[in-house]
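Trainee: Got a structure for you, coords-v6.cif, holding mmCIF, C-alpha atoms, pLDDT in the B column; chains and numbers go by the auth columns.
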data_upload
#
loop_
_atom_site.group_PDB
_atom_site.id
_atom_site.type_symbol
_atom_site.label_atom_id
_atom_site.label_comp_id
_atom_site.label_asym_id
_atom_site.label_seq_id
_atom_site.Cartn_x
_atom_site.Cartn_y
_atom_site.Cartn_z
_atom_site.B_iso_or_equiv
_atom_site.auth_seq_id
_atom_site.auth_asym_id
ATOM 1 C CA MET A 1 26.767 184.296 169.632 90.00 30 A
ATOM 2 C CA THR A 2 24.474 183.031 166.855 95.00 31 A
ATOM 3 C CA LEU A 3 23.916 179.330 166.312 95.00 32 A
ATOM 4 C CA GLU A 4 26.043 179.497 163.168 95.00 33 A
ATOM 5 C CA GLU A 5 28.873 181.150 165.121 96.00 34 A
ATOM 6 C CA GLN A 6 28.570 178.468 167.782 96.00 35 A
ATOM 7 C CA CYS A 7 28.836 175.774 165.112 97.00 36 A
ATOM 8 C CA VAL A 8 31.960 177.337 163.627 97.00 37 A
ATOM 9 C CA ASP A 9 33.416 177.639 167.135 97.00 38 A
ATOM 10 C CA GLY A 10 32.670 173.937 167.646 97.00 39 A
ATOM 11 C CA TRP A 11 34.749 173.208 164.544 98.00 40 A
ATOM 12 C CA ARG A 12 37.612 175.300 165.943 97.00 41 A
ATOM 13 C CA ILE A 13 37.533 173.325 169.185 97.00 42 A
ATOM 14 C CA ALA A 14 37.420 169.962 167.406 97.00 43 A
ATOM 15 C CA ALA A 15 40.366 170.984 165.211 97.00 44 A
ATOM 16 C CA ARG A 16 42.368 172.180 168.230 96.00 45 A
ATOM 17 C CA ILE A 17 41.868 168.786 169.862 97.00 46 A
ATOM 18 C CA ASN A 18 43.710 167.185 166.942 97.00 47 A
ATOM 19 C CA GLY A 19 46.591 169.572 167.576 96.00 48 A
ATOM 20 C CA TYR A 20 46.428 168.895 171.315 97.00 49 A
ATOM 21 C CA LEU A 21 46.870 165.179 170.686 97.00 50 A
ATOM 22 C CA LEU A 22 49.550 165.633 168.016 98.00 51 A
ATOM 23 C CA ASP A 23 51.532 168.041 170.209 96.00 52 A
ATOM 24 C CA SER A 24 51.587 165.462 173.008 97.00 53 A
ATOM 25 C CA LEU A 25 53.290 162.834 170.869 97.00 54 A
ATOM 26 C CA ASN A 26 56.980 162.414 170.173 92.00 55 A
ATOM 27 C CA ASP A 27 58.231 161.780 166.664 88.00 56 A
ATOM 28 C CA ASP A 28 58.569 158.022 167.270 90.00 57 A
ATOM 29 C CA ALA A 29 54.859 157.776 168.045 96.00 58 A
ATOM 30 C CA LEU A 30 54.009 158.965 164.526 97.00 59 A
ATOM 31 C CA ALA A 31 55.285 155.649 163.146 95.00 60 A
ATOM 32 C CA ALA A 32 53.019 153.551 165.414 93.00 61 A
ATOM 33 C CA THR A 33 50.374 151.396 163.758 93.00 62 A
ATOM 34 C CA ALA A 34 47.485 149.317 165.057 87.00 63 A
ATOM 35 C CA GLY A 35 47.867 145.549 165.286 76.00 64 A
ATOM 36 C CA SER A 36 46.235 145.179 161.910 70.00 65 A
ATOM 37 C CA LYS A 37 47.678 146.617 158.748 72.00 66 A
ATOM 38 C CA GLY A 38 46.804 150.208 158.168 85.00 67 A
ATOM 39 C CA ARG A 39 47.970 153.770 158.418 93.00 68 A
ATOM 40 C CA SER A 40 50.575 154.903 160.889 95.00 69 A
ATOM 41 C CA VAL A 41 49.607 157.567 163.422 97.00 70 A
ATOM 42 C CA GLY A 42 51.311 160.180 161.252 97.00 71 A
ATOM 43 C CA GLU A 43 49.492 158.924 158.178 97.00 72 A
ATOM 44 C CA VAL A 44 46.168 159.236 159.995 97.00 73 A
ATOM 45 C CA PHE A 45 46.918 162.876 160.839 98.00 74 A
ATOM 46 C CA ALA A 46 47.909 163.392 157.185 98.00 75 A
ATOM 47 C CA HIS A 47 44.628 161.761 156.130 98.00 76 A
ATOM 48 C CA LEU A 48 42.665 164.310 158.179 98.00 77 A
ATOM 49 C CA HIS A 49 44.409 167.155 156.346 98.00 78 A
ATOM 50 C CA ASN A 50 44.012 165.456 152.968 98.00 79 A
ATOM 51 C CA VAL A 51 40.269 164.867 153.429 98.00 80 A
ATOM 52 C CA ARG A 52 39.848 168.519 154.378 98.00 81 A
ATOM 53 C CA LEU A 53 41.613 169.450 151.136 98.00 82 A
ATOM 54 C CA MET A 54 39.378 167.100 149.176 98.00 83 A
ATOM 55 C CA TRP A 55 36.287 168.855 150.540 98.00 84 A
ATOM 56 C CA LEU A 56 37.786 172.281 149.952 98.00 85 A
ATOM 57 C CA SER A 57 38.607 171.362 146.356 97.00 86 A
ATOM 58 C CA VAL A 58 34.973 170.506 145.583 98.00 87 A
ATOM 59 C CA ALA A 59 33.232 173.046 147.819 98.00 88 A
ATOM 60 C CA ALA A 60 35.431 176.165 147.851 97.00 89 A
ATOM 61 C CA ALA A 61 38.681 175.671 145.950 97.00 90 A
ATOM 62 C CA GLU A 62 39.566 179.359 146.359 97.00 91 A
ATOM 63 C CA LEU A 63 40.169 178.688 150.062 98.00 92 A
ATOM 64 C CA MET A 64 42.961 176.183 149.472 94.00 93 A
ATOM 65 C CA TRP A 65 45.672 178.927 149.206 87.00 94 A
ATOM 66 C CA GLY A 66 48.086 176.572 147.495 90.00 95 A
ATOM 67 C CA MET A 67 47.872 173.963 150.244 95.00 96 A
ATOM 68 C CA THR A 68 48.948 170.530 149.117 95.00 97 A
ATOM 69 C CA LYS A 69 48.266 166.963 150.056 97.00 98 A
ATOM 70 C CA ILE A 70 50.614 165.366 152.601 97.00 99 A
ATOM 71 C CA GLU A 71 52.245 162.320 151.040 95.00 100 A
ATOM 72 C CA ARG A 72 53.104 159.205 153.051 92.00 101 A
ATOM 73 C CA ASP A 73 56.816 159.988 153.154 90.00 102 A
ATOM 74 C CA ALA A 74 56.096 163.309 154.901 93.00 103 A
ATOM 75 C CA ALA A 75 53.644 161.859 157.446 94.00 104 A
ATOM 76 C CA GLY A 76 56.380 161.325 160.023 92.00 105 A
ATOM 77 C CA GLU A 77 57.268 165.004 160.303 92.00 106 A
ATOM 78 C CA LYS A 78 55.399 166.417 163.293 95.00 107 A
ATOM 79 C CA ALA A 79 56.040 170.089 162.535 95.00 108 A
ATOM 80 C CA GLY A 80 54.803 169.702 158.970 96.00 109 A
ATOM 81 C CA LEU A 81 51.714 167.815 160.067 97.00 110 A
ATOM 82 C CA SER A 82 50.924 170.430 162.693 97.00 111 A
ATOM 83 C CA ALA A 83 51.312 173.348 160.291 97.00 112 A
ATOM 84 C CA ALA A 84 49.242 171.641 157.577 97.00 113 A
ATOM 85 C CA LEU A 85 46.452 170.745 160.005 98.00 114 A
ATOM 86 C CA GLU A 86 46.309 174.324 161.299 97.00 115 A
ATOM 87 C CA GLU A 87 46.119 175.704 157.753 97.00 116 A
ATOM 88 C CA SER A 88 43.454 173.308 156.551 98.00 117 A
ATOM 89 C CA ALA A 89 41.409 173.790 159.743 98.00 118 A
ATOM 90 C CA LEU A 90 41.353 177.536 159.131 98.00 119 A
ATOM 91 C CA ALA A 91 40.315 177.021 155.511 98.00 120 A
ATOM 92 C CA VAL A 92 37.500 174.677 156.580 98.00 121 A
ATOM 93 C CA GLU A 93 36.437 177.281 159.147 98.00 122 A
ATOM 94 C CA LYS A 94 36.126 179.825 156.340 98.00 123 A
ATOM 95 C CA LEU A 95 34.203 177.292 154.254 98.00 124 A
ATOM 96 C CA LEU A 96 31.786 176.789 157.148 98.00 125 A
ATOM 97 C CA VAL A 97 31.262 180.542 157.550 98.00 126 A
ATOM 98 C CA GLN A 98 30.470 180.812 153.834 98.00 127 A
ATOM 99 C CA ALA A 99 28.257 177.738 153.922 98.00 128 A
ATOM 100 C CA PHE A 100 26.178 178.906 156.867 97.00 129 A
ATOM 101 C CA ALA A 101 25.723 182.295 155.178 97.00 130 A
ATOM 102 C CA ALA A 102 24.633 180.630 151.921 97.00 131 A
ATOM 103 C CA GLY A 103 22.613 177.872 153.592 97.00 132 A
ATOM 104 C CA LYS A 104 24.469 175.142 151.696 97.00 133 A
ATOM 105 C CA VAL A 105 27.817 173.476 151.062 98.00 134 A
ATOM 106 C CA LYS A 106 28.580 172.994 147.394 97.00 135 A
ATOM 107 C CA ASN A 107 28.613 169.262 146.541 97.00 136 A
ATOM 108 C CA PHE A 108 27.342 168.169 149.970 97.00 137 A
ATOM 109 C CA LYS A 109 23.796 167.391 151.030 95.00 138 A
ATOM 110 C CA PRO A 110 21.754 168.106 153.079 96.00 139 A
ATOM 111 C CA HIS A 111 22.985 171.319 154.802 96.00 140 A
ATOM 112 C CA PRO A 112 25.953 173.032 156.508 97.00 141 A
ATOM 113 C CA ALA A 113 25.150 171.681 160.010 97.00 142 A
ATOM 114 C CA ALA A 114 25.226 168.128 158.660 97.00 143 A
ATOM 115 C CA PHE A 115 28.531 168.887 156.933 98.00 144 A
ATOM 116 C CA LEU A 116 30.003 170.110 160.216 98.00 145 A
ATOM 117 C CA ASN A 117 28.758 166.969 161.961 97.00 146 A
ATOM 118 C CA TYR A 118 30.250 164.825 159.198 98.00 147 A
ATOM 119 C CA LEU A 119 33.642 166.503 159.586 98.00 148 A
ATOM 120 C CA VAL A 120 33.700 166.248 163.379 98.00 149 A
ATOM 121 C CA ALA A 121 32.563 162.600 163.331 98.00 150 A
ATOM 122 C CA HIS A 122 35.173 161.715 160.718 98.00 151 A
ATOM 123 C CA GLU A 123 38.002 163.311 162.670 98.00 152 A
ATOM 124 C CA ALA A 124 36.861 161.872 166.011 97.00 153 A
ATOM 125 C CA HIS A 125 36.750 158.405 164.443 97.00 154 A
ATOM 126 C CA HIS A 126 40.355 158.782 163.346 97.00 155 A
ATOM 127 C CA ARG A 127 41.461 160.130 166.748 97.00 156 A
ATOM 128 C CA GLY A 128 40.071 156.890 168.145 95.00 157 A
ATOM 129 C CA GLN A 129 42.148 154.952 165.610 95.00 158 A
ATOM 130 C CA ILE A 130 45.210 156.920 166.678 97.00 159 A
ATOM 131 C CA MET A 131 44.619 156.080 170.336 96.00 160 A
ATOM 132 C CA ILE A 132 44.209 152.374 169.507 94.00 161 A
ATOM 133 C CA ALA A 133 47.371 152.355 167.376 95.00 162 A
ATOM 134 C CA LEU A 134 49.338 153.997 170.172 96.00 163 A
ATOM 135 C CA LYS A 135 48.013 151.555 172.766 94.00 164 A
ATOM 136 C CA GLN A 136 48.660 148.506 170.598 93.00 165 A
ATOM 137 C CA SER A 137 52.187 149.774 169.936 93.00 166 A
ATOM 138 C CA GLY A 138 52.876 150.089 173.655 94.00 167 A
ATOM 139 C CA ILE A 139 52.987 153.881 173.591 95.00 168 A
ATOM 140 C CA LYS A 140 51.299 155.301 176.647 93.00 169 A
ATOM 141 C CA VAL A 141 49.345 158.512 176.258 94.00 170 A
ATOM 142 C CA ASP A 142 49.354 160.553 179.436 93.00 171 A
ATOM 143 C CA LYS A 143 45.953 160.398 181.153 94.00 172 A
ATOM 144 C CA LYS A 144 45.896 164.205 181.183 94.00 173 A
ATOM 145 C CA ILE A 145 45.972 164.135 177.373 94.00 174 A
ATOM 146 C CA ALA A 146 43.497 161.250 177.012 93.00 175 A
ATOM 147 C CA PHE A 147 40.958 162.943 179.266 92.00 176 A
ATOM 148 C CA GLY A 148 41.892 166.409 178.002 92.00 177 A
ATOM 149 C CA MET A 149 40.606 165.565 174.528 93.00 178 A
ATOM 150 C CA TRP A 150 37.121 165.565 176.081 93.00 179 A
ATOM 151 C CA GLU A 151 37.480 168.925 177.824 90.00 180 A
ATOM 152 C CA TRP A 152 35.979 170.998 175.043 89.00 181 A
ATOM 153 C CA GLY A 153 35.359 173.913 177.382 86.00 182 A
ATOM 154 C CA VAL A 154 39.102 174.533 177.756 85.00 183 A
ATOM 155 C CA ARG A 155 40.373 173.576 174.312 81.00 184 A
#
Now, as a test, write the supplied structure out as structure tokens.
Mentor:
Amino acid sequence: MTLEEQCVDGWRIAARINGYLLDSLNDDALAATAGSKGRSVGEVFAHLHNVRLMWLSVAAAELMWGMTKIERDAAGEKAGLSAALEESALAVEKLLVQAFAAGKVKNFKPHPAAFLNYLVAHEAHHRGQIMIALKQSGIKVDKKIAFGMWEWGVR
């Protein structure tokens, strides 16, 4: 596997971890918020999808396939969130393949590897916010799930 293929595979794994966490939650957990004002858990998942769409719109709009932003009122629907995240993850994967082949991401500097790192860091940051919101709301995440998010070799 080339380094570029490994990078794209790393994106796939990171995206699957979002789904792994989302799948573990019940619908009530999507309404949980952190102690401070902010997005609900469902709104954070929607934000991940929406930021992906923002990058697609400026870097490779042809890959958006009619995908649309998830509005706040739809952020509590687990099935819709899951489907949207899967679709946008696949589109970002295709963007990464194109970007590594071209050596650049349109409207992003410095290079495709940095873009990948940006995306993974952004999404990991928000997974941390989700875990804090769940904890502060009294919603326990099974230890298997909490530790499983770090088992990249099996995700």
Trainee: Using only C-alpha atoms, which residues sit within 12 Å of region 169-180 of chain A once same-chain residues fewer than 2 positions away are excluded, as a PyMOL selection string?
Mentor: chain A and resi 42-55+58+61+153+156-157+159-167+182-184
Trainee: Tell me, in Å to one decimal, how far CA of Gly67 (chain A) is from CA of Ala103 (chain A).
Mentor: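 Computed distance, CA of Gly67 (chain A) to CA of Ala103 (chain A), equals 16.4 Å.
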Trainee: Name the residues captured by the PyMOL selection byres ((chain A and resi 35) around 12) when it is applied to the shown file; answer as a list in words.
Mentor: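 Checked against the file, the PyMOL selection byres ((chain A and resi 35) around 12) matches Met30, Thr31, Leu32, Glu33, Glu34, Cys36, Val37, Asp38, Gly39, Trp40, Arg41, Ile42, Glu122, Leu125, Val126, Phe129, Ala142 and Leu145 of chain A.
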Trainee: Could you please take those selected residues and save C-alpha atoms as a PDB file, in the frame of the given file?
Mentor:
ATOM      1  CA  MET A  30      26.767 184.296 169.632  1.00 90.00           C
ATOM      2  CA  THR A  31      24.474 183.031 166.855  1.00 95.00           C
ATOM      3  CA  LEU A  32      23.916 179.330 166.312  1.00 95.00           C
ATOM      4  CA  GLU A  33      26.043 179.497 163.168  1.00 95.00           C
ATOM      5  CA  GLU A  34      28.873 181.150 165.121  1.00 96.00           C
ATOM      6  CA  CYS A  36      28.836 175.774 165.112  1.00 97.00           C
ATOM      7  CA  VAL A  37      31.960 177.337 163.627  1.00 97.00           C
ATOM      8  CA  ASP A  38      33.416 177.639 167.135  1.00 97.00           C
ATOM      9  CA  GLY A  39      32.670 173.937 167.646  1.00 97.00           C
ATOM     10  CA  TRP A  40      34.749 173.208 164.544  1.00 98.00           C
ATOM     11  CA  ARG A  41      37.612 175.300 165.943  1.00 97.00           C
ATOM     12  CA  ILE A  42      37.533 173.325 169.185  1.00 97.00           C
ATOM     13  CA  GLU A 122      36.437 177.281 159.147  1.00 98.00           C
ATOM     14  CA  LEU A 125      31.786 176.789 157.148  1.00 98.00           C
ATOM     15  CA  VAL A 126      31.262 180.542 157.550  1.00 98.00           C
ATOM     16  CA  PHE A 129      26.178 178.906 156.867  1.00 97.00           C
ATOM     17  CA  ALA A 142      25.150 171.681 160.010  1.00 97.00           C
ATOM     18  CA  LEU A 145      30.003 170.110 160.216  1.00 98.00           C
TER      19      LEU A 145
END
Trainee: Please indicate the distance in Å from CA of Glu152 (chain A) to CA of Ser65 (chain A), rounded to one decimal place.
Mentor: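 These atoms are spaced 19.9 Å apart.
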Trainee: Given the PyMOL selection byres ((chain A and resi 73-90) around 6) and the file above, list the residues it selects as a ChimeraX atom specification.
Mentor: /A:68,70-72,91-93,98-99,104,114,135
Trainee: Work out how far CA of Asp56 (chain A) is from CA of Trp94 (chain A), in Å to one decimal.
Mentor: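 Distance reported for this atom pair: 27.5 Å.
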Trainee: Would you list the contacts of Ala113 (chain A) as a list of chain:residue names, taking every protein, DNA or RNA residue within 8 Å and counting all atoms listed in the file, but skipping same-chain residues closer than 4 positions in sequence?
Mentor: A:His78, A:Met96, A:Gly109, A:Ser117
Trainee: For Ser69 (chain A), which of A:Asp57, A:Ala120, A:Gly95, A:Gln127 is the closest residue, counting only C-alpha atoms?
Mentor: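 Looking at the shortest contact to Ser69 (chain A), the residue is A:Asp57.
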